[in-house]
Structure formats: C-alpha cells, structure tokens
$ cat entry-v8.csv   # CSV, C-alpha atoms
chain,number,residue,atom,x,y,z
N,1,MET,CA,99.6,114.8,129.8
N,2,GLN,CA,100.5,113.8,126.2
N,3,GLY,CA,98.0,114.0,123.4
N,4,PRO,CA,97.4,111.1,121.1
N,5,ASP,CA,99.8,112.5,118.4
N,6,GLU,CA,102.6,113.4,120.7
N,7,GLY,CA,105.7,111.3,120.3
N,8,HIS,CA,104.9,110.4,116.7
N,9,ARG,CA,103.6,112.3,113.8
N,10,ALA,CA,100.2,111.5,112.5
N,11,LYS,CA,100.4,110.5,108.8
N,12,ARG,CA,98.3,112.9,106.8
N,13,LYS,CA,97.0,112.1,103.4
N,14,THR,CA,97.7,114.5,100.6
N,15,PRO,CA,94.4,115.9,99.3
N,16,TYR,CA,93.3,114.0,96.2
N,17,ASN,CA,93.5,116.9,93.8
N,18,GLU,CA,97.1,117.5,94.9
N,19,ARG,CA,98.3,113.9,94.2
N,20,SER,CA,100.2,112.8,91.2
N,21,ASP,CA,98.5,110.7,88.5
N,22,LEU,CA,100.1,107.5,89.9
N,23,GLU,CA,99.0,108.4,93.5
N,24,LYS,CA,95.4,109.0,92.1
N,25,LEU,CA,95.6,105.7,90.2
N,26,GLN,CA,96.6,103.8,93.3
N,27,SER,CA,93.7,105.5,95.3
N,28,GLN,CA,91.2,104.5,92.7
N,29,TRP,CA,92.4,100.9,92.5
N,30,ASN,CA,92.2,100.7,96.3
N,31,LYS,CA,88.6,101.9,96.3
N,32,LEU,CA,87.8,99.6,93.5
N,33,SER,CA,88.8,96.5,95.5
N,34,GLY,CA,86.4,97.5,98.3
N,35,LEU,CA,83.5,98.0,95.9
N,36,HIS,CA,84.0,94.7,94.2
N,37,LEU,CA,84.2,92.9,97.6
N,38,ARG,CA,81.0,94.6,98.8
N,39,ASP,CA,79.2,93.3,95.7
N,40,GLU,CA,78.8,96.7,94.0
N,41,PRO,CA,79.7,95.6,90.5
N,42,SER,CA,78.4,98.7,88.6
N,43,ALA,CA,80.3,101.1,90.9
N,44,ALA,CA,83.4,98.9,90.6
N,45,ILE,CA,83.2,99.1,86.8
N,46,VAL,CA,83.0,102.9,86.9
N,47,ARG,CA,85.9,103.0,89.4
N,48,CYS,CA,88.1,100.7,87.3
N,49,SER,CA,87.5,102.6,84.1
N,50,THR,CA,88.4,105.8,86.0
N,51,ALA,CA,91.6,104.2,87.1
N,52,ALA,CA,92.3,103.2,83.5
N,53,GLU,CA,91.8,106.8,82.4
N,54,ILE,CA,94.1,108.1,85.1
N,55,ALA,CA,96.7,105.6,83.9
N,56,ALA,CA,96.3,107.0,80.3
N,57,ASN,CA,96.6,110.5,81.7
N,58,TYR,CA,99.9,109.6,83.3
N,59,ALA,CA,101.2,107.9,80.2
N,60,ILE,CA,100.2,110.8,78.0
N,61,ARG,CA,101.7,113.4,80.3
N,62,HIS,CA,104.9,111.4,80.6
N,63,GLU,CA,105.3,110.8,76.9
N,64,TRP,CA,104.3,114.3,75.8
N,65,ALA,CA,106.8,115.8,78.3
N,66,ARG,CA,109.5,113.6,76.9
N,67,GLN,CA,108.8,114.1,73.2
N,68,THR,CA,107.2,117.5,72.8
N,69,GLU,CA,107.8,121.1,74.0
N,70,PHE,CA,104.2,121.6,75.1
N,71,ASP,CA,103.7,122.8,78.6
N,72,ALA,CA,101.6,121.0,81.2
N,73,ALA,CA,98.6,123.4,80.8
N,74,ILE,CA,98.4,122.7,77.1
N,75,VAL,CA,98.6,119.0,77.6
N,76,ASP,CA,95.8,119.2,80.2
N,77,GLN,CA,93.7,121.0,77.5
N,78,PHE,CA,94.4,118.2,75.1
N,79,LEU,CA,93.4,115.6,77.7
N,80,MET,CA,90.0,117.4,78.1
N,81,TRP,CA,89.6,117.6,74.3
N,82,ALA,CA,90.3,113.9,73.8
N,83,ASN,CA,87.3,113.2,76.1
N,84,GLY,CA,87.4,109.7,77.6
N,85,LEU,CA,89.7,106.7,77.7
N,86,ARG,CA,89.4,105.7,74.1
N,87,GLY,CA,90.0,109.2,72.7
N,88,LYS,CA,93.0,109.7,75.0
N,89,VAL,CA,94.6,106.5,73.9
N,90,GLU,CA,93.8,106.8,70.1
N,91,ARG,CA,94.3,110.6,69.7
N,92,LEU,CA,97.0,111.5,72.3
N,93,PHE,CA,99.0,108.5,73.3
N,94,VAL,CA,99.3,106.1,70.4
N,95,PRO,CA,100.3,108.7,67.8
N,96,VAL,CA,103.1,110.1,70.0
N,97,TYR,CA,104.4,106.9,71.5
N,98,PHE,CA,104.4,104.5,68.6
N,99,ALA,CA,106.4,105.3,65.4
N,100,ARG,CA,104.1,103.0,63.3
N,101,PRO,CA,100.9,102.6,65.3
N,102,LYS,CA,99.1,100.7,62.5
N,103,LYS,CA,101.8,98.0,62.6
N,104,SER,CA,102.3,97.9,66.3
N,105,LYS,CA,100.7,95.0,68.2
N,106,ALA,CA,101.1,96.9,71.5
N,107,ALA,CA,99.2,99.9,70.1
N,108,LYS,CA,96.4,97.7,68.8
N,109,ALA,CA,96.3,95.9,72.2
N,110,LEU,CA,96.0,99.3,74.0
N,111,ILE,CA,93.2,100.5,71.7
N,112,ALA,CA,91.3,97.2,71.9
N,113,SER,CA,91.6,97.2,75.7
N,114,ALA,CA,90.4,100.8,76.0
N,115,GLU,CA,87.4,100.0,73.8
N,116,LYS,CA,86.4,97.0,76.0
N,117,ILE,CA,86.6,99.0,79.2
N,118,ASN,CA,84.9,102.0,77.7
N,119,LYS,CA,82.0,100.0,76.2
N,120,VAL,CA,80.9,98.5,79.5
N,121,ARG,CA,81.5,101.7,81.4
N,122,ASN,CA,79.4,103.6,79.0
N,123,GLU,CA,76.5,101.1,79.2
N,124,VAL,CA,76.5,101.5,83.0
N,125,VAL,CA,76.9,105.3,83.1
N,126,HIS,CA,75.0,106.4,80.1
N,127,GLN,CA,72.3,103.7,79.8
N,128,GLY,CA,71.8,103.0,83.5
N,129,ARG,CA,72.5,99.3,83.0
N,130,PHE,CA,73.2,97.2,86.1
N,131,SER,CA,76.1,94.9,86.0
N,132,ASN,CA,76.9,91.6,87.9
N,133,ALA,CA,79.9,90.4,89.8
N,134,GLU,CA,81.2,88.2,86.9
N,135,GLU,CA,81.1,91.0,84.4
N,136,ALA,CA,82.7,93.4,86.9
N,137,GLY,CA,85.5,90.9,87.4
N,138,GLU,CA,86.1,90.7,83.7
N,139,VAL,CA,86.2,94.5,83.3
N,140,ILE,CA,88.5,94.8,86.4
N,141,ALA,CA,90.9,92.2,84.9
N,142,GLU,CA,90.9,94.1,81.6
N,143,ALA,CA,91.5,97.4,83.3
N,144,LYS,CA,94.4,95.8,85.2
N,145,ARG,CA,95.9,94.6,81.9
N,146,PHE,CA,95.4,98.0,80.4
N,147,ILE,CA,96.9,99.9,83.3
N,148,ASP,CA,99.9,97.6,83.6
N,149,MET,CA,100.5,97.8,79.9
N,150,ILE,CA,100.3,101.6,79.4
N,151,VAL,CA,102.1,102.6,82.6
N,152,GLY,CA,104.6,99.7,82.0
N,153,LEU,CA,105.8,101.4,78.8
N,154,SER,CA,107.5,104.1,81.0
N,155,GLN,CA,107.9,102.0,84.2
N,156,PRO,CA,109.0,98.5,83.2
N,157,ASP,CA,107.4,95.7,85.3
N,158,PHE,CA,104.7,98.0,86.6
N,159,ASP,CA,101.9,96.1,88.4
N,160,ILE,CA,99.0,98.0,90.0
N,161,GLN,CA,98.2,95.0,92.3
N,162,ASP,CA,101.8,95.0,93.7
N,163,ARG,CA,101.7,98.8,94.3
N,164,THR,CA,98.4,98.7,96.2
N,165,ARG,CA,99.7,96.0,98.5
N,166,SER,CA,102.7,98.0,99.7
$ encode --input "entry-v8.csv" --output "structure tokens"
Amino acid sequence: MQGPDEGHRAKRKTPYNERSDLEKLQSQWNKLSGLHLRDEPSAAIVRCSTAAEIAANYAIRHEWARQTEFDAAIVDQFLMWANGLRGKVERLFVPVYFARPKKSKAAKALIASAEKINKVRNEVVHQGRFSNAEEAGEVIAEAKRFIDMIVGLSQPDFDIQDRTRS
C-alpha cells in the first residue's frame, strides 16, 4: 500500500529563519494580504511595515556587499544599530547607494516613504492606536511603493504583487 507522499515528493517549506530576505519579504506580503482581507487593519499595518523593513535589509545587504568589504556579520550588526525602517534607510542605504543623497529625488522619496510607513506603525505598536481599513490600505499602498522602489534599485521592474502571485 502506498503512503500519501509516495510517487511524488511533498514540498517542504524552508524554515523562516533560513530564508533569504526576498523569501521572507514574500512571506510577509502573503500574510499581509490575508490580514487585510480579514479586516485586521492594525495587524496589517505592522505586517506591511515589517515587509518594508525586510526590503530595506535586502537592499542594504546587497549594496554593502557590492560597495564595501564588510562581511555579513558586521553588516548585520549595523542593521541592528540602525534600529527600524527609517534609520536603516537614512543611515545605511541612502549614504552608500546615492552619490549625492541631498540632491537625489529617489533618495528623498525613499526617506519620505519610510517616514510615512514608520509613523503609522509606531502609533499602532507604541501607542496602542487602532487603525481602520482605509488607513491600512493607504499604508499598504505606501509600503508597496517603498518595497518596489528600494528592491527595484538592484532588481529592475521588481513588483512585490507579481512575485506573490507566482
């Protein structure tokens, strides 16, 4: 008698902590969609801000590996030091990626987007404020713009929505 897995291999998921930043990003975005559909706006805001931070981690690791000689362990320490989306973007990504950050429209757009996402996330997480579906939709849209923009700098035409559908 054959068992349920005989004849084909069961697809096993890689444990979350062993996934790449882009795999973690995709997992977060998939979970976010479910939370938003189930009318859990505050949880959706936290999840989309986490996805945005993971996208920043990816971009920082990619760019620092390309432009510096720091090893991965040191870059991870810098990521912890930067503390949060805004800090990571302003302190670690923008200064390394952009030759003239103060004159770059893209740098300014990344910083402004990170600030918008972080502001609402902090109100939910640190002040216990409840959100609504409309606000969550706005923050999710901002997070999508941020994610597509920052990951797109190293992967042209990146679209988190397209990746989660495949």
$ atom_distance --input "entry-v8.csv" --atom1 "atom CA of Phe146 of chain N" --atom2 "atom CA of Arg38 of chain N"
23.6 Å
$ closest_residue --input "entry-v8.csv" --among "N:Ala55, N:Thr68, N:Glu135, N:Arg100" --to "Met149 of chain N" --atoms "only C-alpha atoms"
N:Ala55
$ atom_distance --input "entry-v8.csv" --atom1 "atom CA of Ala109 of chain N" --atom2 "atom CA of Arg145 of chain N"
9.8 Å
$ atom_distance --input "entry-v8.csv" --atom1 "atom CA of Asp76 of chain N" --atom2 "atom CA of Ile60 of chain N"
9.7 Å
$ closest_residue --input "entry-v8.csv" --among "N:Ser20, N:Val46, N:His126, N:His62" --to "Phe93 of chain N" --atoms "all atoms listed in the file"
N:His62
